[in-house]
Amino acid sequence: MTVMAERPTINGTELGDFEEMLDLLDELQLRDGFKAEIIRGNIVVSPWSKGYYHRVMHLVCEQLRQHLPEGHHISSGPFLYVFPGEACAYGPDIHVAHERAFETESNRLDGEALSFVAELTSTSTRHDDLTNKVEVYRKAGVPVYLILDMQGEQATVFSMPSDKGYEACETKPFGEKLSIPAPFGCVLDTTGFKAPQT
């Protein structure tokens, strides 16, 4: 597999079995600065986030922490959530799930256990964050999916998943406040989400 710094690399090997792909993902030895996910049945390697993304992830976690549903935890740690029916395995930038989801020795967590996901886009992952992941998270019944479009400098929150798609969607430019719906029922202040001025 060739690793490119600017765009994700998709492994073109046809592996019919999702479990086999997960095993291959476990065996990958990536260079420092890269992470791997399974997107649309392909292993995708992309660079880690930029430094200031840490500030944004911290701000989101701090604002949501006091509004978590009972027994749920928020993290920006590197965990892999699997969606076998979609042949996908994602490592979301920020995730909330019930504490029971973490009571396993496996490194593969149940994607349907998620109650909130936030993805911070990069040039290499933006398209998937804005399209494929919306559908996968919706089909898994994730109640709230927040996309922080770091290139477009705007935040979009999807909620109320149904068979037809997410039935509610709201977008605000960075610097404004965005409502985060049930089961959180709070307001996210996106001040401080923009890239540092150089």
# chains A, B, ... in the order shown; residues from 1 in each chain; ligands from 1
>>> select_by_dssp(residues="range 46-178 of chain A", states="strand (DSSP E)", output="PyMOL selection string")
chain A and resi 46-47+72-75+80-83+88-90+94-98+108-110+114-120+144-149+154-162+165-173+177-178
>>> write_last_selection(atoms="C-alpha atoms", output="CSV table (one decimal), in the first residue's frame")
chain,number,residue,atom,x,y,z
A,46,SER,CA,-5.4,9.5,5.8
A,47,PRO,CA,-3.1,12.0,7.7
A,72,HIS,CA,-22.8,8.1,28.4
A,73,HIS,CA,-19.2,9.2,27.9
A,74,ILE,CA,-17.6,11.6,25.5
A,75,SER,CA,-14.2,11.2,24.0
A,80,LEU,CA,-12.9,2.2,16.0
A,81,TYR,CA,-16.6,1.8,15.5
A,82,VAL,CA,-17.8,-0.9,13.1
A,83,PHE,CA,-20.9,-0.9,10.9
A,88,CYS,CA,-17.5,0.5,7.2
A,89,ALA,CA,-15.4,1.1,10.3
A,90,TYR,CA,-14.8,4.6,11.4
A,94,ILE,CA,-15.4,13.0,18.8
A,95,HIS,CA,-17.9,10.3,19.9
A,96,VAL,CA,-20.4,9.7,22.6
A,97,ALA,CA,-21.6,6.3,23.6
A,98,HIS,CA,-23.1,4.5,26.6
A,108,ARG,CA,-14.0,-3.0,17.5
A,109,LEU,CA,-16.9,-1.1,19.1
A,110,ASP,CA,-20.5,-1.3,18.0
A,114,LEU,CA,-23.2,5.8,19.4
A,115,SER,CA,-25.4,8.7,20.5
A,116,PHE,CA,-23.3,11.5,19.0
A,117,VAL,CA,-20.5,11.8,16.5
A,118,ALA,CA,-18.5,14.8,15.4
A,119,GLU,CA,-16.2,14.8,12.4
A,120,LEU,CA,-13.7,17.6,11.7
A,144,VAL,CA,-26.8,13.4,16.4
A,145,TYR,CA,-24.1,13.8,13.7
A,146,LEU,CA,-22.1,17.1,13.8
A,147,ILE,CA,-19.9,18.0,10.9
A,148,LEU,CA,-17.3,20.7,11.5
A,149,ASP,CA,-16.4,21.7,8.0
A,154,GLN,CA,-19.2,26.1,9.2
A,155,ALA,CA,-20.9,23.6,11.5
A,156,THR,CA,-23.8,21.3,10.4
A,157,VAL,CA,-25.8,19.2,12.8
A,158,PHE,CA,-28.0,16.3,11.6
A,159,SER,CA,-30.6,14.8,13.8
A,160,MET,CA,-33.7,12.7,13.9
A,161,PRO,CA,-32.6,9.7,11.8
A,162,SER,CA,-35.3,7.8,9.9
A,165,GLY,CA,-32.6,10.1,6.1
A,166,TYR,CA,-31.8,12.6,8.8
A,167,GLU,CA,-35.0,14.6,9.1
A,168,ALA,CA,-33.5,17.7,10.7
A,169,CYS,CA,-30.4,19.6,9.6
A,170,GLU,CA,-29.0,23.0,10.6
A,171,THR,CA,-25.9,24.8,9.5
A,172,LYS,CA,-24.2,27.9,11.0
A,173,PRO,CA,-20.9,29.6,10.2
A,177,LYS,CA,-24.2,29.2,18.1
A,178,LEU,CA,-25.7,26.0,16.9
>>> select_by_dssp(residues="chain A", states="helix (DSSP H, G or I)", output="ChimeraX atom specification")
/A:18-27,53-65,84-86,99-102,111-113,126-130,132-139
>>> write_last_selection(atoms="N, CA and C atoms", output="compact mmCIF listing (two decimals), in the first residue's frame")
# COMPACT_ATOMS: atom_id res chain seq x y z
N PHE A 18 -15.96 -8.63 5.42
CA PHE A 18 -15.70 -7.46 6.26
C PHE A 18 -14.79 -7.80 7.43
N GLU A 19 -14.98 -8.97 8.03
CA GLU A 19 -14.13 -9.38 9.14
C GLU A 19 -12.68 -9.50 8.70
N GLU A 20 -12.48 -9.98 7.48
CA GLU A 20 -11.13 -10.09 6.94
C GLU A 20 -10.50 -8.71 6.79
N MET A 21 -11.29 -7.75 6.38
CA MET A 21 -10.79 -6.38 6.25
C MET A 21 -10.43 -5.80 7.62
N LEU A 22 -11.27 -6.07 8.62
CA LEU A 22 -10.96 -5.61 9.98
C LEU A 22 -9.66 -6.22 10.48
N ASP A 23 -9.45 -7.51 10.20
CA ASP A 23 -8.21 -8.16 10.60
C ASP A 23 -7.02 -7.51 9.91
N LEU A 24 -7.17 -7.20 8.63
CA LEU A 24 -6.10 -6.53 7.90
C LEU A 24 -5.82 -5.15 8.48
N LEU A 25 -6.88 -4.45 8.86
CA LEU A 25 -6.72 -3.13 9.48
C LEU A 25 -5.91 -3.24 10.77
N ASP A 26 -6.16 -4.30 11.56
CA ASP A 26 -5.41 -4.52 12.80
C ASP A 26 -3.92 -4.74 12.54
N GLU A 27 -3.61 -5.34 11.38
CA GLU A 27 -2.23 -5.69 11.07
C GLU A 27 -1.44 -4.56 10.41
N TYR A 53 -6.88 21.48 15.45
CA TYR A 53 -8.08 20.66 15.59
C TYR A 53 -8.25 20.21 17.04
N HIS A 54 -7.12 20.04 17.74
CA HIS A 54 -7.20 19.63 19.15
C HIS A 54 -7.98 20.66 19.96
N ARG A 55 -7.72 21.95 19.70
CA ARG A 55 -8.45 23.01 20.41
C ARG A 55 -9.94 22.89 20.15
N VAL A 56 -10.31 22.67 18.89
CA VAL A 56 -11.72 22.58 18.53
C VAL A 56 -12.37 21.36 19.19
N MET A 57 -11.70 20.22 19.15
CA MET A 57 -12.24 19.02 19.78
C MET A 57 -12.41 19.23 21.28
N HIS A 58 -11.45 19.89 21.90
CA HIS A 58 -11.54 20.18 23.33
C HIS A 58 -12.75 21.07 23.63
N LEU A 59 -12.95 22.10 22.81
CA LEU A 59 -14.08 23.01 23.02
C LEU A 59 -15.42 22.28 22.89
N VAL A 60 -15.53 21.40 21.90
CA VAL A 60 -16.77 20.64 21.73
C VAL A 60 -17.01 19.73 22.93
N CYS A 61 -15.99 18.98 23.32
CA CYS A 61 -16.14 18.05 24.45
C CYS A 61 -16.52 18.78 25.73
N GLU A 62 -15.87 19.90 26.01
CA GLU A 62 -16.16 20.66 27.23
C GLU A 62 -17.59 21.17 27.25
N GLN A 63 -18.09 21.64 26.10
CA GLN A 63 -19.45 22.18 26.05
C GLN A 63 -20.51 21.09 26.15
N LEU A 64 -20.24 19.91 25.60
CA LEU A 64 -21.24 18.84 25.62
C LEU A 64 -21.22 18.02 26.90
N ARG A 65 -20.08 17.98 27.57
CA ARG A 65 -19.91 17.06 28.71
C ARG A 65 -21.03 17.18 29.74
N PRO A 84 -20.99 -3.28 10.24
CA PRO A 84 -20.84 -4.42 9.34
C PRO A 84 -21.78 -4.39 8.14
N GLY A 85 -23.02 -3.97 8.34
CA GLY A 85 -23.97 -3.93 7.23
C GLY A 85 -23.58 -2.97 6.13
N GLU A 86 -22.74 -2.01 6.45
CA GLU A 86 -22.29 -1.01 5.47
C GLU A 86 -20.84 -1.24 5.06
N GLU A 99 -21.62 3.84 28.41
CA GLU A 99 -20.45 3.19 29.02
C GLU A 99 -20.40 1.69 28.74
N ARG A 100 -21.56 1.05 28.53
CA ARG A 100 -21.58 -0.39 28.24
C ARG A 100 -20.87 -0.72 26.93
N ALA A 101 -20.83 0.23 26.00
CA ALA A 101 -20.18 -0.02 24.70
C ALA A 101 -18.69 -0.30 24.85
N PHE A 102 -18.11 0.19 25.96
CA PHE A 102 -16.67 0.06 26.16
C PHE A 102 -16.30 -1.15 27.02
N GLY A 111 -21.02 0.36 16.30
CA GLY A 111 -21.42 1.66 15.78
C GLY A 111 -22.82 2.07 16.19
N GLU A 112 -23.70 1.09 16.43
CA GLU A 112 -25.06 1.41 16.82
C GLU A 112 -25.16 1.88 18.27
N ALA A 113 -24.06 1.80 19.01
CA ALA A 113 -24.05 2.27 20.40
C ALA A 113 -23.82 3.78 20.49
N ARG A 126 -12.92 15.19 3.65
CA ARG A 126 -14.11 16.05 3.62
C ARG A 126 -15.28 15.43 2.86
N HIS A 127 -15.01 14.91 1.67
CA HIS A 127 -16.08 14.34 0.86
C HIS A 127 -16.80 13.21 1.60
N ASP A 128 -16.04 12.29 2.19
CA ASP A 128 -16.65 11.17 2.91
C ASP A 128 -17.42 11.65 4.14
N ASP A 129 -16.87 12.64 4.86
CA ASP A 129 -17.55 13.18 6.05
C ASP A 129 -18.90 13.79 5.68
N LEU A 130 -18.96 14.44 4.50
CA LEU A 130 -20.17 15.16 4.08
C LEU A 130 -21.18 14.27 3.37
N ASN A 132 -20.87 10.00 2.61
CA ASN A 132 -20.99 8.60 3.03
C ASN A 132 -21.24 8.45 4.52
N LYS A 133 -20.53 9.21 5.34
CA LYS A 133 -20.69 9.05 6.78
C LYS A 133 -22.06 9.52 7.24
N VAL A 134 -22.63 10.49 6.55
CA VAL A 134 -23.99 10.93 6.89
C VAL A 134 -24.94 9.74 6.77
N GLU A 135 -24.82 9.01 5.69
CA GLU A 135 -25.71 7.87 5.46
C GLU A 135 -25.45 6.72 6.42
N VAL A 136 -24.18 6.41 6.66
CA VAL A 136 -23.86 5.29 7.55
C VAL A 136 -24.31 5.58 8.98
N TYR A 137 -24.02 6.78 9.47
CA TYR A 137 -24.45 7.13 10.82
C TYR A 137 -25.98 7.16 10.92
N ARG A 138 -26.63 7.64 9.89
CA ARG A 138 -28.10 7.68 9.89
C ARG A 138 -28.68 6.26 9.93
N LYS A 139 -28.16 5.38 9.09
CA LYS A 139 -28.66 4.01 9.06
C LYS A 139 -28.42 3.29 10.39
>>> atom_distance(atom1="CA of Phe174 in chain A", atom2="CA of Gln197 in chain A")
14.5 Å
>>> atom_distance(atom1="CA of Gln151 in chain A", atom2="CA of Val187 in chain A")
22.2 Å
>>> closest_residue(among="A:Ala182, A:Gly41, A:Thr121, A:Gln66", to="Val142 in chain A", atoms="only C-alpha atoms")
A:Ala182
>>> residues_around(residues="Gly175 in chain A", least_positions_apart="6", cutoff="12 Å", atoms="only C-alpha atoms", output="ChimeraX atom specification")
/A:153-155,188-195
>>> decode(residues="range 46-96 of chain A", atoms="C-alpha atoms", output="tab-separated table (two decimals), in the first residue's frame")
chain	number	residue	atom	x	y	z
A	46	SER	CA	-5.35	9.52	5.80
A	47	PRO	CA	-3.10	11.95	7.66
A	48	TRP	CA	-3.77	12.87	11.27
A	49	SER	CA	-5.49	16.16	12.04
A	50	LYS	CA	-3.80	19.53	12.15
A	51	GLY	CA	-2.68	20.81	15.53
A	52	TYR	CA	-5.44	23.37	16.04
A	53	TYR	CA	-8.08	20.66	15.59
A	54	HIS	CA	-7.20	19.63	19.15
A	55	ARG	CA	-8.45	23.01	20.41
A	56	VAL	CA	-11.72	22.58	18.53
A	57	MET	CA	-12.24	19.02	19.78
A	58	HIS	CA	-11.54	20.18	23.33
A	59	LEU	CA	-14.08	23.01	23.02
A	60	VAL	CA	-16.77	20.64	21.73
A	61	CYS	CA	-16.14	18.05	24.45
A	62	GLU	CA	-16.16	20.66	27.23
A	63	GLN	CA	-19.45	22.18	26.05
A	64	LEU	CA	-21.24	18.84	25.62
A	65	ARG	CA	-19.91	17.06	28.71
A	66	GLN	CA	-22.48	18.55	31.10
A	67	HIS	CA	-25.35	17.63	28.73
A	68	LEU	CA	-24.59	13.94	28.18
A	69	PRO	CA	-27.39	11.41	28.60
A	70	GLU	CA	-27.17	9.31	31.77
A	71	GLY	CA	-24.36	6.75	31.61
A	72	HIS	CA	-22.81	8.13	28.41
A	73	HIS	CA	-19.19	9.18	27.92
A	74	ILE	CA	-17.61	11.62	25.46
A	75	SER	CA	-14.15	11.18	24.03
A	76	SER	CA	-11.89	12.32	21.25
A	77	GLY	CA	-9.79	9.21	21.71
A	78	PRO	CA	-8.90	6.85	18.88
A	79	PHE	CA	-11.62	4.18	18.90
A	80	LEU	CA	-12.86	2.16	15.95
A	81	TYR	CA	-16.65	1.80	15.54
A	82	VAL	CA	-17.82	-0.89	13.14
A	83	PHE	CA	-20.86	-0.89	10.86
A	84	PRO	CA	-20.84	-4.42	9.34
A	85	GLY	CA	-23.97	-3.93	7.23
A	86	GLU	CA	-22.29	-1.01	5.47
A	87	ALA	CA	-18.78	-2.56	5.34
A	88	CYS	CA	-17.49	0.48	7.22
A	89	ALA	CA	-15.35	1.06	10.31
A	90	TYR	CA	-14.80	4.64	11.45
A	91	GLY	CA	-12.62	6.33	14.01
A	92	PRO	CA	-14.69	9.48	14.64
A	93	ASP	CA	-12.94	12.60	15.90
A	94	ILE	CA	-15.43	12.98	18.78
A	95	HIS	CA	-17.85	10.30	19.91
A	96	VAL	CA	-20.41	9.73	22.65
